[in-house]
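A short write-up of the structure that comes next.
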Amino acid sequence: MHLNSRAENASLSLNFLGRKLRNHTVTPAAKQQAWARTSPSRNVDENGGGLSRTVRTQPIVCAQTELPGSIQELREEVQHQSCNVHNTRLDQENNADPNVASGSTRTRDREDEASADLKIFIPYDSAKLCITQIADDMVAMKSRHLEMVQELEENFLMVSRENQQERTVNRIRSYYQNKLNSLKRILELYQEKVERRSALWNEKIESLQDENERLQEEQKTLQERNRHDSATWEREKDSSDSNAPLDGAKARLEELQEGLYKREREISMLIDGSEVQKDVPPSAYAHLLAAVVCARCAHLVYAEVTEAKQQFDRMAEDSRKVVAEATARKTSIQHNQTDVKFQEPRPLWMDQSDSSSGQVIQAGVNLQKQEVLLVALECIKAGVTPTLTGAVSEQDMAVEDECVKIRVFCRLRPQTQAELARGSCTIVSCLDDYSVSLETARGPREFQFDRIFTTEHTQDDVFQESSRLIQSAVDGFNVCIFAYGQTGSGKTFTMLGDREQKNPGIIPRTFNRIFEIIQENESKFEFKVLASMLELYNDRLQDLFVSPSEALSKRIEIKKDKKGLVFAQGAEAKEATSAGELFALFELGSANRHIAATKMNIESSRSHLIISIMLESRNLANGNMTFGKLNLVDLAGSERAAKTGAKDDQLKEANSINKSLSALGDVISALAMDQAHVPYRNNKLTQLMQDSLGGNSKTLMFLNISPSDCNLDETHASLM
Ligand SMILES: Nc1ncnc2c1ncn2[C@@H]1O[C@H](COP(=O)(O)OP(=O)(O)OP(=O)(O)O)[C@@H](O)[C@H]1O
């Protein structure tokens, strides 16, 4: 070890085993301990063992305030213990020639030299202890430094993270600011638009008011003229006895006026709804009202204008001829068809106009149109009001049935025990067989349907209205009957019936009706009935005719065959030869559905149930084949996920249901609006129902609604 303090304020440097140690702190306690353990005699022994160390004669100055005491102490210690401090050269000379050492100059020189080269011997143990302590201190210092570095790094990271967060916040803020700006711009645009529109409407209202005033003025002028004419006639009558023809004209005028007042009374009665007939759809009243007004005007024209009179007479004559021809044509087609309905069943893919039943329908529609035209012309001629009798023949209904492809029936269920117990009140009322009224926050809203079924209507009433469609399916049409509505609104009750089957719904009744029709026609036709039963849950189709474990391993794909009929590839289609067999198959499917639902811990009402019945018939006389398909669907509930507070799996389930229901809604509205593109492919549900929605198929939708105020939002959404 070498202690070097050559420069003033130089730092203490230690050279130990070839490693340079700098600026270390030696704790006084450690040094104390080191000295305490070192005895002078032992040091001598050890020094003799060759552990000599060199110490400069200059005082050891330590750069750090903590050190000086200790080094100084060390030095003092060394000086006190003379055995530890040696001037080697003096020692040598003293030892070698003590007599020669005379003369003050020489002695001073020697002292100078000695001060320049003073050797100090530190006991090895003390030095070792010192060094160990120094090394320990340095290790501690290193770890402290490392800690500080780590702390600094962490601080740096934290600051940079904060900076980043701030930057992100700024970015988000500016993004939303931009959005807000663009929304403001859009709002301004809309405001402008609304202002423009309202200005336009104001203009229109003003022009209508002007027009109204003008008409009133004209009316006044006409009345004046009338009064003037009648006064003239009176005068002329008084002045001459030869005015007899004018009597007739005056009488005619009075008659006309009387007729006019009568029509006005009828119109106001119609407007007031005082003569509303129970069995006439409300939409028909609008047409009737329009017809009344038109007929009145037209009759005035007919009566006053000679050319118009001739024209109307000609039209009425032509129309009479056309009606006669149409009646004859329809009768001849019906005659050709004979009374056997199934002799020439119409294959599904054949154009309707090619088939005889299609011709009957077409002839029926034409005849109806011509008859309406003739009645209208006669009414105009006679100046009478066209009326709706409400007495529609079975045949007319059948014709109408053939023409209408989508019907929507609304069914209102009674309040449940739970709703009654909760004190819910009823907010839905049925106005007539076609309209319901819903009490909303903004007042009552009316909705029209093809038919309304109230709580008074039985399952039988409901089935009677739908059973004609089953005949159509056997005839070769594709038919779909489905129920839509929120959970608990009565879909399952309508489609399946109650659990005990005391009030069977449409599905079991359909099974019976199919085989009744088959039985009625089995002498002329051979039938084959195949059924498949599928469940659509979370966009996955599951075959309900196999066990749930087997169904899980099966992949079902929706395909179309050559005739355009949709089928589920991979799903079983089982044959049934009686209503009982069909019902047994249905029970098997329902049991599998229940097991699968229990296994997956879901409610069966959270999936769509699709029962497809394929009806094949072969004409025994000519071998012609006919294919019809009947889809019976019990849809999952349509409630909103937000209201139910669904999370995770439930939310996924609700989203999947909503997606499929909105896809179905899109398809129905595209069909209702006769759009060129119908988005069937958007969802598995609509893909599967494709061949029984639109085209030549017939669709019956049941809209099930709850009457209670607690379901107002859902009921409103469903009705909309
Ligand atoms: N027209 C009705 N007459 C009497 N009770 C009815 C009627 N409609 C529904 N219900 C009763 O209301 C309750 C709910 O009906 P249902 O289970 O058919 O609703 P849902 O719409 O099918 O519900 P989910 O979507 O959960 O299957 C049942 O107890 C059912 O018996």
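Scheme for the structure tokens: letters A, B, ... for chains in order shown; per-chain residue numbers from 1; ligand numbers from 1 in order shown.
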
| request: For range 557-574 of chain A, list every protein, DNA or RNA residue within 10 Å, evaluated using only C-alpha atoms, and leave out those in the same chain fewer than 2 positions away; present the list as number ranges by chain. | output: A: 347-350, 478, 529-534, 540-546, 551, 554-555, 576, 581-582, 585, 612-614, 627-629, 684-685, 687-692

Using only C-alpha atoms and all ligand atoms, find each residue with an atom at most 6 Å away from ligand 1 and format the answer as a compact mmCIF listing (two decimals) with N, CA and C atoms, in the first residue's frame.
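Full text of selection18.txt as output:
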# COMPACT_ATOMS: atom_id res chain seq x y z
N ARG A 413 -101.26 -8.93 -25.58
CA ARG A 413 -101.51 -9.94 -24.54
C ARG A 413 -102.12 -9.28 -23.30
N PRO A 414 -102.76 -10.08 -22.42
CA PRO A 414 -103.27 -9.47 -21.18
C PRO A 414 -102.11 -9.17 -20.24
N THR A 455 -106.96 -9.04 -26.23
CA THR A 455 -106.90 -10.05 -25.17
C THR A 455 -108.14 -10.95 -25.23
N GLN A 486 -90.88 -8.01 -27.95
CA GLN A 486 -89.93 -8.06 -26.83
C GLN A 486 -90.16 -9.34 -26.01
N THR A 487 -89.19 -9.67 -25.17
CA THR A 487 -89.33 -10.84 -24.32
C THR A 487 -90.57 -10.71 -23.44
N GLY A 488 -91.32 -11.80 -23.40
CA GLY A 488 -92.51 -11.81 -22.55
C GLY A 488 -93.71 -11.15 -23.17
N SER A 489 -93.64 -10.84 -24.48
CA SER A 489 -94.79 -10.16 -25.11
C SER A 489 -95.81 -11.16 -25.65
N GLY A 490 -95.46 -12.46 -25.64
CA GLY A 490 -96.44 -13.47 -26.07
C GLY A 490 -96.12 -14.14 -27.39
N LYS A 491 -94.86 -14.09 -27.81
CA LYS A 491 -94.47 -14.72 -29.09
C LYS A 491 -94.64 -16.23 -29.00
N THR A 492 -94.06 -16.80 -27.93
CA THR A 492 -94.11 -18.25 -27.77
C THR A 492 -95.55 -18.71 -27.58
N PHE A 493 -96.32 -17.91 -26.85
CA PHE A 493 -97.72 -18.26 -26.64
C PHE A 493 -98.44 -18.30 -27.99
N ASP A 498 -99.37 -22.53 -24.73
CA ASP A 498 -98.88 -22.60 -23.35
C ASP A 498 -98.14 -23.92 -23.12
N SER A 605 -85.34 -18.46 -24.87
CA SER A 605 -85.94 -17.34 -25.59
C SER A 605 -84.89 -16.38 -26.13
N ALA A 636 -86.27 -14.52 -31.13
CA ALA A 636 -85.81 -14.13 -29.78
C ALA A 636 -86.36 -12.74 -29.47
N GLY A 637 -86.39 -12.40 -28.18
CA GLY A 637 -86.94 -11.11 -27.75
C GLY A 637 -86.16 -9.93 -28.31

| request: Can you check which residues of range 419-593 of chain A DSSP gives as helix (DSSP H, G or I) on the backbone and send them as number ranges by chain? | output: A: 419-421, 459-475, 491-495, 506-521, 548-553, 579-593

Output C-alpha atoms for every residue in the selection just made, as a PDB file, in the first residue's frame.
ATOM      1  CA  GLU A 419     -97.435  -6.603 -13.849  1.00  0.00           C
ATOM      2  CA  LEU A 420    -100.750  -6.471 -11.995  1.00  0.00           C
ATOM      3  CA  ALA A 421     -98.981  -6.983  -8.675  1.00  0.00           C
ATOM      4  CA  GLN A 459    -105.770 -19.015 -30.055  1.00  0.00           C
ATOM      5  CA  ASP A 460    -108.397 -20.411 -32.396  1.00  0.00           C
ATOM      6  CA  ASP A 461    -109.310 -16.933 -33.704  1.00  0.00           C
ATOM      7  CA  VAL A 462    -105.669 -16.240 -34.381  1.00  0.00           C
ATOM      8  CA  PHE A 463    -105.170 -19.551 -36.169  1.00  0.00           C
ATOM      9  CA  GLN A 464    -108.283 -19.073 -38.341  1.00  0.00           C
ATOM     10  CA  GLU A 465    -106.701 -15.956 -39.808  1.00  0.00           C
ATOM     11  CA  SER A 466    -103.474 -17.756 -40.614  1.00  0.00           C
ATOM     12  CA  SER A 467    -104.753 -21.136 -41.727  1.00  0.00           C
ATOM     13  CA  ARG A 468    -105.299 -20.027 -45.341  1.00  0.00           C
ATOM     14  CA  LEU A 469    -101.537 -19.754 -45.637  1.00  0.00           C
ATOM     15  CA  ILE A 470    -101.123 -23.440 -44.796  1.00  0.00           C
ATOM     16  CA  GLN A 471    -103.286 -24.301 -47.777  1.00  0.00           C
ATOM     17  CA  SER A 472    -101.006 -22.059 -49.869  1.00  0.00           C
ATOM     18  CA  ALA A 473     -97.938 -23.953 -48.646  1.00  0.00           C
ATOM     19  CA  VAL A 474     -99.522 -27.267 -49.644  1.00  0.00           C
ATOM     20  CA  ASP A 475    -100.401 -25.671 -53.012  1.00  0.00           C
ATOM     21  CA  LYS A 491     -94.473 -14.719 -29.094  1.00  0.00           C
ATOM     22  CA  THR A 492     -94.105 -18.250 -27.769  1.00  0.00           C
ATOM     23  CA  PHE A 493     -97.723 -18.257 -26.640  1.00  0.00           C
ATOM     24  CA  THR A 494     -98.794 -17.294 -30.157  1.00  0.00           C
ATOM     25  CA  MET A 495     -96.479 -19.696 -31.995  1.00  0.00           C
ATOM     26  CA  ILE A 506    -100.016 -21.804 -34.446  1.00  0.00           C
ATOM     27  CA  ILE A 507     -97.269 -24.451 -34.733  1.00  0.00           C
ATOM     28  CA  PRO A 508     -99.137 -27.488 -33.302  1.00  0.00           C
ATOM     29  CA  ARG A 509    -102.358 -26.392 -35.029  1.00  0.00           C
ATOM     30  CA  THR A 510    -100.440 -26.129 -38.306  1.00  0.00           C
ATOM     31  CA  PHE A 511     -99.233 -29.738 -37.915  1.00  0.00           C
ATOM     32  CA  ASN A 512    -102.856 -30.876 -37.641  1.00  0.00           C
ATOM     33  CA  ARG A 513    -104.050 -28.687 -40.503  1.00  0.00           C
ATOM     34  CA  ILE A 514    -101.333 -29.958 -42.883  1.00  0.00           C
ATOM     35  CA  PHE A 515    -102.411 -33.544 -42.403  1.00  0.00           C
ATOM     36  CA  GLU A 516    -106.098 -32.604 -42.628  1.00  0.00           C
ATOM     37  CA  ILE A 517    -105.441 -31.084 -46.066  1.00  0.00           C
ATOM     38  CA  ILE A 518    -103.373 -34.122 -47.045  1.00  0.00           C
ATOM     39  CA  GLN A 519    -106.193 -36.410 -45.998  1.00  0.00           C
ATOM     40  CA  GLU A 520    -108.728 -34.400 -47.986  1.00  0.00           C
ATOM     41  CA  ASN A 521    -106.652 -34.773 -51.145  1.00  0.00           C
ATOM     42  CA  PRO A 548     -76.685 -31.145 -28.171  1.00  0.00           C
ATOM     43  CA  SER A 549     -73.202 -32.719 -27.954  1.00  0.00           C
ATOM     44  CA  GLU A 550     -73.506 -34.072 -31.503  1.00  0.00           C
ATOM     45  CA  ALA A 551     -74.966 -30.792 -32.696  1.00  0.00           C
ATOM     46  CA  LEU A 552     -71.935 -28.919 -31.374  1.00  0.00           C
ATOM     47  CA  SER A 553     -69.601 -30.910 -33.605  1.00  0.00           C
ATOM     48  CA  ALA A 579     -99.598 -34.903 -37.282  1.00  0.00           C
ATOM     49  CA  GLY A 580     -98.673 -37.019 -34.254  1.00  0.00           C
ATOM     50  CA  GLU A 581     -95.269 -37.884 -35.756  1.00  0.00           C
ATOM     51  CA  LEU A 582     -94.647 -34.282 -36.625  1.00  0.00           C
ATOM     52  CA  PHE A 583     -95.520 -33.259 -33.086  1.00  0.00           C
ATOM     53  CA  ALA A 584     -93.224 -35.974 -31.677  1.00  0.00           C
ATOM     54  CA  LEU A 585     -90.375 -34.597 -33.812  1.00  0.00           C
ATOM     55  CA  PHE A 586     -91.146 -31.134 -32.525  1.00  0.00           C
ATOM     56  CA  GLU A 587     -91.053 -32.391 -28.929  1.00  0.00           C
ATOM     57  CA  LEU A 588     -87.702 -34.070 -29.570  1.00  0.00           C
ATOM     58  CA  GLY A 589     -86.311 -30.791 -30.917  1.00  0.00           C
ATOM     59  CA  SER A 590     -87.751 -28.820 -28.010  1.00  0.00           C
ATOM     60  CA  ALA A 591     -86.185 -31.231 -25.488  1.00  0.00           C
ATOM     61  CA  ASN A 592     -82.765 -30.894 -27.181  1.00  0.00           C
ATOM     62  CA  ARG A 593     -83.184 -27.132 -27.218  1.00  0.00           C
TER      63      ARG A 593
END

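Using only C-alpha atoms, the smallest distance between any of A:Val149, A:Cys480, A:Val323, A:Leu300 and Gln370 in chain A comes from A:Val323.
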
| task | Point out the residue among A:Gly497, A:Gly423, A:Gly476, A:Gly623 with the least atom-to-atom distance to Ser697 in chain A, counting only C-alpha atoms. | result |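 Ranked by minimum distance to Ser697 in chain A, first place goes to A:Gly476.
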
| task | Provide the CA of Arg171 in chain A to CA of Phe156 in chain A distance in Å, to one decimal place. | result |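 Rounded to one decimal, the two atoms are 22.1 Å apart.
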
| said: For the strand (DSSP E or B) assignment from backbone DSSP, which residues of range 528-710 of chain A qualify? Please present them as a VMD selection string. | reply: chain A and resid 528 to 537 540 to 543 557 to 560 566 to 569 574 to 576 608 to 619 625 to 634 698 to 705 708

| request: Within 10 Å of Thr686 in chain A, counting only C-alpha atoms, which residues show up once you throw out same-chain ones fewer than 4 positions away? Write them as a ChimeraX atom specification, please. | output: /A:660-668,679-682,690-693

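The protein and nucleic acid residues lying at most 6 Å from range 616-622 of chain A are Lys524, Phe525, Glu526, Phe527, Lys528, Met625, Thr626 and Phe627 of chain A, with only C-alpha atoms considered and sequence neighbours fewer than 3 positions away removed.
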
| request: Measuring atom to atom with only C-alpha atoms, identify which of A:Gln133, A:Thr577, A:Thr440, A:Gln650 is nearest to Ala717 in chain A. | output: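 Counting only C-alpha atoms, the residue closest to Ala717 in chain A is A:Thr440.
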
| said: To one decimal place in Å, what is the distance between CA of Glu307 in chain A and CA of Lys321 in chain A? | reply: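 Separation between CA of Glu307 in chain A and CA of Lys321 in chain A: 21.4 Å.
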
| task | Grab the CA of Phe453 in chain A to CA of Leu609 in chain A distance for me, in Å with one decimal place. | result | 22.9 Å
